[in-house]
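Undergrad: After the structure tokens below, expect a handful of questions from me.
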Amino acid sequence: MLSEKHIGFIGAGNMAEALIRGLVKPSGVVPQAQIAASDTSNNRLTLIGDTYNIRTYQENKAVIESSEVIILAVKPQVIHAVLQEIAASVDETKLVISIAAGVKIERIQQILPTARVVRTMPNIAALVHAAMTAISAGARATQEDMETASDIFNAVGESVIVEEKLMDAVTGLSGSGPSYIFHIINALADAGVKVGFSREIALKLARQTVFGSAKMAIETNEHPMKLRDMVTSPGGTSITGVYMLERDGVTAALINAVEAATRRSQELGG
Ligand SMILES: NC(=O)c1ccc[n+]([C@@H]2O[C@H](COP(=O)([O-])OP(=O)(O)OC[C@H]3O[C@@H](n4cnc5c(N)ncnc54)[C@H](OP(=O)(O)O)[C@@H]3O)[C@@H](O)[C@H]2O)c1
């Protein structure tokens with residue numbers, strides 16, 4: 001049961017804060033006394049400690065000692081140094097969950113050979129508790145470990161379990177996806193300005209339309225083409241607009257974007 005686990009964050013930056021907020025939110029997934037965080041920045045620790053009423057430490061090892069679930073929430077550039085620093089304190093009793101983009105399980109397991117390792121890829125929408133997170137099991141991770149990881153990320157959105165070889169594809173779709181959608185919101189707002197609205201009204205129309213459409217797709221769980229059929233009346237405005245999207249290659253553009261970002265993630269991961 002997640003509510004009984006002691007959870008420690010190594011790195012108390014933006015993603016760690018989003019997860020902590022999700023875990024301690026009013027419904028209280030995990031009691032605050034069971035959550036700890038460490039960071040190199042004292043200011044950051046004071047802010048996180050005061051805001052969420054959790055334990056904070058300057059020493060990463062102090063978090064390891066008091067936690068059975070350890071979330072590696074530092075940038076990929078510093079993960080190697082952090083792993084070496086904590087290696088002596090991490091054994092098979094620890095579940096280590098990494099959120100570091102592009103860092104393979106094998107690399108973590110080389111330095112923490114006995115730990116149960118899980119790799120995840122959340123997205124920026126964790127900040128508003130609407131993240132999409134993919135989760136992959138390391139060879140030593142148990143079924144219970146995967147449930148623990150799913151419970152943690154479900155506190156800030158939705159999660160799926162995928163094989164690690166698909167993590168670059170996850171980065172290409174849901175990891176980088178918010179940037180595509182922000183771009184599309186801006187493009188819709190540009191269109192709004194072109195047909196006569198102020199920028200402010202155009203943006204409001206665009207972003208609420210994207211939000212409402214996503215909410216409808218999620219809540220009805222209907223195939224998006226069925227939902228599209230509901231609003232495209234014969235000879236009407238919607239089908240006229242959809243025809244232009246297809247004529248100008250929107251489907252191909254999105255497929256190309258996801259494929260290119262997936263390839264870029266493979267290149268960066270080396
Ligand atoms: N943000 C996203 O959308 C997103 C999405 C998916 C995955 N991720 C992954 O999430 C991880 C964290 O990202 P973030 O956006 O939360 O970064 P962040 O805000 O920079 O947080 C990282 C924190 O770790 C601290 N830190 C640096 N070195 C440390 C050390 N040796 N020991 C302990 N703490 C240390 C940093 O302090 P200083 O600032 O003082 O260096 C910072 O407060 C990254 O690996 C990233 O790949 C992020």
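Just so we're on the same page: first chain in the structure tokens is A, next is B, and so on; residues restart at 1 for each chain, and ligands are numbered from 1 in the order they show up.
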Let me see if you get this right: every residue at most 9 Å from ligand 1, counting only C-alpha atoms and all ligand atoms, written as an MDAnalysis selection string.
TA: chainID A and resid 9:18 37:42 44:45 58:60 72:79 81:82 85 98:103 120:127 133 171 175:176
Undergrad: If you run DSSP on the backbone here, which positions in stretch 65-154 of chain A get alpha helix (DSSP H)? Please write them as a short mmCIF file (atom, residue, chain, number, x, y, z; two decimals) with all heavy atoms, in the first residue's frame.
TA:
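Result file follows (part.cif):
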```
data_model
loop_
_atom_site.label_atom_id
_atom_site.label_comp_id
_atom_site.auth_asym_id
_atom_site.auth_seq_id
_atom_site.Cartn_x
_atom_site.Cartn_y
_atom_site.Cartn_z
N GLU A 65 18.39 6.84 3.68
CA GLU A 65 18.26 6.07 4.92
C GLU A 65 16.84 6.03 5.44
O GLU A 65 16.39 5.02 5.98
CB GLU A 65 19.20 6.65 6.00
CG GLU A 65 20.62 6.13 5.84
CD GLU A 65 21.66 7.05 6.47
OE1 GLU A 65 21.29 7.84 7.36
OE2 GLU A 65 22.83 6.96 6.04
N PRO A 76 19.42 14.88 -15.84
CA PRO A 76 20.25 13.77 -16.34
C PRO A 76 21.76 14.06 -16.27
O PRO A 76 22.55 13.16 -16.05
CB PRO A 76 19.80 13.64 -17.80
CG PRO A 76 18.42 14.21 -17.83
CD PRO A 76 18.39 15.28 -16.79
N GLN A 77 22.15 15.34 -16.39
CA GLN A 77 23.59 15.68 -16.38
C GLN A 77 24.25 15.36 -15.04
O GLN A 77 25.45 15.17 -15.00
CB GLN A 77 23.81 17.18 -16.65
CG GLN A 77 23.24 17.68 -17.96
CD GLN A 77 21.82 18.19 -17.80
OE1 GLN A 77 20.91 17.39 -17.64
NE2 GLN A 77 21.63 19.49 -17.86
N VAL A 78 23.47 15.36 -13.95
CA VAL A 78 24.10 15.13 -12.65
C VAL A 78 23.80 13.74 -12.09
O VAL A 78 24.27 13.38 -11.02
CB VAL A 78 23.71 16.21 -11.59
CG1 VAL A 78 24.16 17.59 -12.03
CG2 VAL A 78 22.24 16.19 -11.28
N ILE A 79 23.05 12.96 -12.86
CA ILE A 79 22.59 11.68 -12.28
C ILE A 79 23.75 10.74 -11.98
O ILE A 79 23.74 10.04 -10.96
CB ILE A 79 21.51 11.01 -13.17
CG1 ILE A 79 20.76 9.95 -12.36
CG2 ILE A 79 22.10 10.34 -14.40
CD1 ILE A 79 19.31 10.12 -12.36
N HIS A 80 24.78 10.76 -12.82
CA HIS A 80 25.91 9.85 -12.61
C HIS A 80 26.56 10.14 -11.26
O HIS A 80 26.79 9.22 -10.46
CB HIS A 80 26.92 9.99 -13.76
CG HIS A 80 27.98 8.95 -13.73
ND1 HIS A 80 27.78 7.66 -14.20
CD2 HIS A 80 29.24 8.97 -13.25
CE1 HIS A 80 28.87 6.95 -14.03
NE2 HIS A 80 29.79 7.72 -13.45
N ALA A 81 26.83 11.42 -11.00
CA ALA A 81 27.47 11.81 -9.74
C ALA A 81 26.57 11.45 -8.55
O ALA A 81 27.05 10.96 -7.53
CB ALA A 81 27.76 13.31 -9.76
N VAL A 82 25.27 11.67 -8.69
CA VAL A 82 24.34 11.37 -7.59
C VAL A 82 24.31 9.87 -7.32
O VAL A 82 24.35 9.42 -6.16
CB VAL A 82 22.92 11.92 -7.91
CG1 VAL A 82 21.89 11.35 -6.97
CG2 VAL A 82 22.92 13.44 -7.85
N LEU A 83 24.28 9.07 -8.39
CA LEU A 83 24.24 7.61 -8.21
C LEU A 83 25.49 7.12 -7.48
O LEU A 83 25.41 6.28 -6.57
CB LEU A 83 24.13 6.90 -9.56
CG LEU A 83 22.76 7.02 -10.27
CD1 LEU A 83 22.83 6.46 -11.68
CD2 LEU A 83 21.67 6.31 -9.46
N GLN A 84 26.64 7.68 -7.86
CA GLN A 84 27.88 7.26 -7.19
C GLN A 84 27.88 7.67 -5.72
O GLN A 84 28.32 6.91 -4.86
CB GLN A 84 29.07 7.84 -7.93
CG GLN A 84 29.24 7.12 -9.26
CD GLN A 84 30.55 7.40 -9.93
OE1 GLN A 84 30.97 8.54 -9.96
NE2 GLN A 84 31.18 6.38 -10.47
N GLU A 85 27.32 8.84 -5.46
CA GLU A 85 27.28 9.34 -4.09
C GLU A 85 26.40 8.45 -3.20
O GLU A 85 26.74 8.19 -2.04
CB GLU A 85 26.72 10.77 -4.12
CG GLU A 85 26.67 11.46 -2.78
CD GLU A 85 25.77 12.70 -2.83
OE1 GLU A 85 25.60 13.30 -3.90
OE2 GLU A 85 25.23 13.03 -1.76
N ILE A 86 25.28 7.95 -3.74
CA ILE A 86 24.34 7.20 -2.90
C ILE A 86 24.55 5.69 -2.95
O ILE A 86 23.95 4.95 -2.18
CB ILE A 86 22.86 7.52 -3.28
CG1 ILE A 86 22.54 7.06 -4.71
CG2 ILE A 86 22.57 9.00 -3.08
CD1 ILE A 86 21.06 7.21 -5.09
N ILE A 105 17.87 2.19 -17.73
CA ILE A 105 17.88 1.39 -16.50
C ILE A 105 19.25 0.74 -16.30
O ILE A 105 19.79 0.71 -15.19
CB ILE A 105 16.76 0.31 -16.54
CG1 ILE A 105 15.38 0.98 -16.52
CG2 ILE A 105 16.91 -0.68 -15.39
CD1 ILE A 105 14.21 0.04 -16.75
N GLU A 106 19.82 0.25 -17.40
CA GLU A 106 21.12 -0.43 -17.34
C GLU A 106 22.18 0.46 -16.69
O GLU A 106 23.00 0.00 -15.89
CB GLU A 106 21.53 -0.80 -18.77
CG GLU A 106 22.72 -1.71 -18.84
CD GLU A 106 23.18 -1.90 -20.29
OE1 GLU A 106 22.61 -1.28 -21.21
OE2 GLU A 106 24.13 -2.66 -20.47
N ARG A 107 22.14 1.76 -17.05
CA ARG A 107 23.13 2.71 -16.51
C ARG A 107 22.97 2.87 -15.00
O ARG A 107 23.94 2.96 -14.26
CB ARG A 107 22.94 4.07 -17.20
CG ARG A 107 24.25 4.75 -17.49
CD ARG A 107 24.01 6.01 -18.28
NE ARG A 107 24.50 7.17 -17.54
CZ ARG A 107 24.14 8.41 -17.78
NH1 ARG A 107 23.25 8.68 -18.73
NH2 ARG A 107 24.64 9.41 -17.09
N ILE A 108 21.72 2.90 -14.55
CA ILE A 108 21.46 3.04 -13.11
C ILE A 108 21.86 1.75 -12.39
O ILE A 108 22.53 1.77 -11.36
CB ILE A 108 19.96 3.35 -12.87
CG1 ILE A 108 19.59 4.66 -13.57
CG2 ILE A 108 19.65 3.40 -11.38
CD1 ILE A 108 18.10 4.95 -13.58
N GLN A 109 21.49 0.62 -13.02
CA GLN A 109 21.74 -0.68 -12.39
C GLN A 109 23.24 -1.00 -12.29
O GLN A 109 23.67 -1.68 -11.36
CB GLN A 109 21.02 -1.77 -13.21
CG GLN A 109 20.72 -3.02 -12.41
CD GLN A 109 19.41 -2.94 -11.62
OE1 GLN A 109 18.34 -2.96 -12.17
NE2 GLN A 109 19.52 -2.86 -10.30
N GLN A 110 24.02 -0.44 -13.23
CA GLN A 110 25.48 -0.65 -13.16
C GLN A 110 26.05 -0.09 -11.85
O GLN A 110 26.96 -0.66 -11.27
CB GLN A 110 26.18 0.05 -14.33
CG GLN A 110 26.32 -0.85 -15.54
CD GLN A 110 26.74 -0.06 -16.78
OE1 GLN A 110 26.99 1.14 -16.71
NE2 GLN A 110 26.80 -0.75 -17.89
N ILE A 111 25.50 1.05 -11.41
CA ILE A 111 26.03 1.70 -10.20
C ILE A 111 25.28 1.23 -8.95
O ILE A 111 25.83 1.21 -7.86
CB ILE A 111 25.96 3.24 -10.35
CG1 ILE A 111 26.66 3.65 -11.66
CG2 ILE A 111 26.64 3.95 -9.17
CD1 ILE A 111 26.63 5.12 -11.99
N GLN A 143 6.21 -6.94 -9.25
CA GLN A 143 4.86 -6.49 -9.60
C GLN A 143 4.41 -5.40 -8.62
O GLN A 143 3.84 -4.38 -9.02
CB GLN A 143 3.92 -7.71 -9.54
CG GLN A 143 2.47 -7.42 -9.88
CD GLN A 143 2.32 -6.92 -11.32
OE1 GLN A 143 3.06 -7.33 -12.21
NE2 GLN A 143 1.38 -6.02 -11.52
N GLU A 144 4.71 -5.59 -7.34
CA GLU A 144 4.33 -4.60 -6.33
C GLU A 144 5.05 -3.26 -6.58
O GLU A 144 4.46 -2.19 -6.40
CB GLU A 144 4.65 -5.13 -4.92
CG GLU A 144 3.99 -4.26 -3.85
CD GLU A 144 4.53 -4.53 -2.44
OE1 GLU A 144 5.03 -5.63 -2.18
OE2 GLU A 144 4.46 -3.59 -1.62
N ASP A 145 6.31 -3.35 -7.00
CA ASP A 145 7.06 -2.12 -7.30
C ASP A 145 6.38 -1.35 -8.43
O ASP A 145 6.28 -0.11 -8.40
CB ASP A 145 8.50 -2.45 -7.73
CG ASP A 145 9.32 -3.02 -6.59
OD1 ASP A 145 8.97 -2.77 -5.43
OD2 ASP A 145 10.32 -3.71 -6.88
N MET A 146 5.90 -2.08 -9.44
CA MET A 146 5.25 -1.42 -10.57
C MET A 146 3.93 -0.78 -10.12
O MET A 146 3.56 0.30 -10.58
CB MET A 146 5.00 -2.42 -11.71
CG MET A 146 6.30 -2.95 -12.31
SD MET A 146 7.40 -1.64 -12.87
CE MET A 146 6.63 -1.16 -14.40
N GLU A 147 3.25 -1.46 -9.20
CA GLU A 147 2.00 -0.88 -8.67
C GLU A 147 2.31 0.38 -7.85
O GLU A 147 1.60 1.38 -7.94
CB GLU A 147 1.26 -1.92 -7.80
CG GLU A 147 0.52 -2.94 -8.66
CD GLU A 147 0.15 -4.20 -7.90
OE1 GLU A 147 0.11 -4.19 -6.66
OE2 GLU A 147 -0.08 -5.22 -8.59
N THR A 148 3.40 0.33 -7.07
CA THR A 148 3.79 1.50 -6.28
C THR A 148 4.09 2.68 -7.21
O THR A 148 3.62 3.80 -7.00
CB THR A 148 5.06 1.17 -5.44
OG1 THR A 148 4.73 0.11 -4.55
CG2 THR A 148 5.54 2.38 -4.65
N ALA A 149 4.87 2.40 -8.27
CA ALA A 149 5.23 3.47 -9.22
C ALA A 149 3.96 4.02 -9.89
O ALA A 149 3.79 5.24 -10.00
CB ALA A 149 6.21 2.94 -10.26
N SER A 150 3.07 3.13 -10.30
CA SER A 150 1.82 3.58 -10.95
C SER A 150 1.02 4.45 -9.99
O SER A 150 0.52 5.52 -10.38
CB SER A 150 0.96 2.39 -11.39
OG SER A 150 1.66 1.61 -12.31
N ASP A 151 0.91 4.04 -8.73
CA ASP A 151 0.14 4.81 -7.74
C ASP A 151 0.73 6.22 -7.57
O ASP A 151 0.00 7.20 -7.46
CB ASP A 151 0.14 4.11 -6.38
CG ASP A 151 -0.74 2.86 -6.39
OD1 ASP A 151 -1.51 2.69 -7.35
OD2 ASP A 151 -0.63 2.06 -5.44
N ILE A 152 2.08 6.30 -7.55
CA ILE A 152 2.73 7.60 -7.36
C ILE A 152 2.40 8.52 -8.54
O ILE A 152 2.00 9.67 -8.37
CB ILE A 152 4.26 7.43 -7.21
CG1 ILE A 152 4.58 6.79 -5.85
CG2 ILE A 152 4.99 8.78 -7.36
CD1 ILE A 152 6.03 6.37 -5.67
N PHE A 153 2.53 8.00 -9.77
CA PHE A 153 2.32 8.88 -10.93
C PHE A 153 0.84 9.11 -11.22
O PHE A 153 0.48 10.14 -11.78
CB PHE A 153 3.11 8.35 -12.14
CG PHE A 153 4.58 8.56 -11.93
CD1 PHE A 153 5.37 7.56 -11.37
CD2 PHE A 153 5.16 9.79 -12.18
CE1 PHE A 153 6.72 7.78 -11.09
CE2 PHE A 153 6.51 10.01 -11.91
CZ PHE A 153 7.29 9.01 -11.37
N ASN A 154 -0.02 8.18 -10.78
CA ASN A 154 -1.45 8.43 -10.92
C ASN A 154 -1.92 9.56 -10.01
O ASN A 154 -2.98 10.15 -10.25
CB ASN A 154 -2.25 7.16 -10.64
CG ASN A 154 -2.08 6.12 -11.73
OD1 ASN A 154 -1.59 6.45 -12.82
ND2 ASN A 154 -2.44 4.88 -11.46
#
```
Undergrad: Given only C-alpha atoms as the basis, pick out the residue of A:Val117, A:Ala130, A:Leu112, A:Ala33 nearest to A:Ile97.
TA: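 Selected residue with least distance to A:Ile97: A:Val117.
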Undergrad: Which residues, written as a CSV table (one decimal) with C-alpha atoms, in the first residue's frame, have at least one atom at most 9 Å from A:Ala115, with only C-alpha atoms counted and residues fewer than 3 positions away on the same chain left out?
TA:
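Now in selection-v8.csv:
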```
chain,number,residue,atom,x,y,z
A,90,VAL,CA,21.3,1.6,-1.7
A,91,ASP,CA,20.7,-2.1,-1.5
A,92,GLU,CA,17.9,-4.6,-2.5
A,93,THR,CA,15.5,-3.2,0.1
A,94,LYS,CA,15.2,0.1,-1.9
A,95,LEU,CA,12.9,0.7,-4.9
A,96,VAL,CA,14.6,3.4,-7.0
A,109,GLN,CA,21.7,-0.7,-12.4
A,112,LEU,CA,23.2,0.3,-8.0
A,140,ARG,CA,14.8,-6.7,-10.4
A,141,ALA,CA,11.5,-4.7,-10.1
```
Undergrad: Which residues in stretch 99-151 of chain A does DSSP call strand (DSSP E)? List them as an NGL selection string.
TA: :A and (116-121 or 131-137)
Undergrad: Atoms to include: C-alpha atoms. Write the selected residues as a PDB file, in the first residue's frame.
TA:
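Done, and the output landed in selection-v2.pdb:
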```
ATOM      1  CA  ARG A 116      15.005  -2.608  -7.687  1.00  0.00           C
ATOM      2  CA  VAL A 117      14.947  -0.005 -10.468  1.00  0.00           C
ATOM      3  CA  VAL A 118      11.974   1.504 -12.320  1.00  0.00           C
ATOM      4  CA  ARG A 119      12.346   4.108 -15.065  1.00  0.00           C
ATOM      5  CA  THR A 120       9.618   6.624 -15.818  1.00  0.00           C
ATOM      6  CA  MET A 121       8.936   9.435 -18.250  1.00  0.00           C
ATOM      7  CA  ALA A 131       0.581  14.338 -16.532  1.00  0.00           C
ATOM      8  CA  MET A 132       0.925  11.361 -18.814  1.00  0.00           C
ATOM      9  CA  THR A 133       3.660   9.091 -17.453  1.00  0.00           C
ATOM     10  CA  ALA A 134       5.146   5.941 -18.980  1.00  0.00           C
ATOM     11  CA  ILE A 135       6.719   3.422 -16.605  1.00  0.00           C
ATOM     12  CA  SER A 136       9.241   0.639 -17.375  1.00  0.00           C
ATOM     13  CA  ALA A 137      10.406  -2.149 -15.089  1.00  0.00           C
TER      14      ALA A 137
END
```
Undergrad: Between atom CA of A:Ile64 and atom CA of A:Ile48, what distance in Å does the model show, to one decimal?
TA: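 Separation of atom CA of A:Ile64 and atom CA of A:Ile48: 17.8 Å.
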Undergrad: Write out as number ranges by chain which residues come within 9 Å of A:Ala261 when counting only C-alpha atoms, dropping same-chain ones fewer than 4 positions away.
TA: A: 168-169, 171-173, 176, 256-257, 265-266
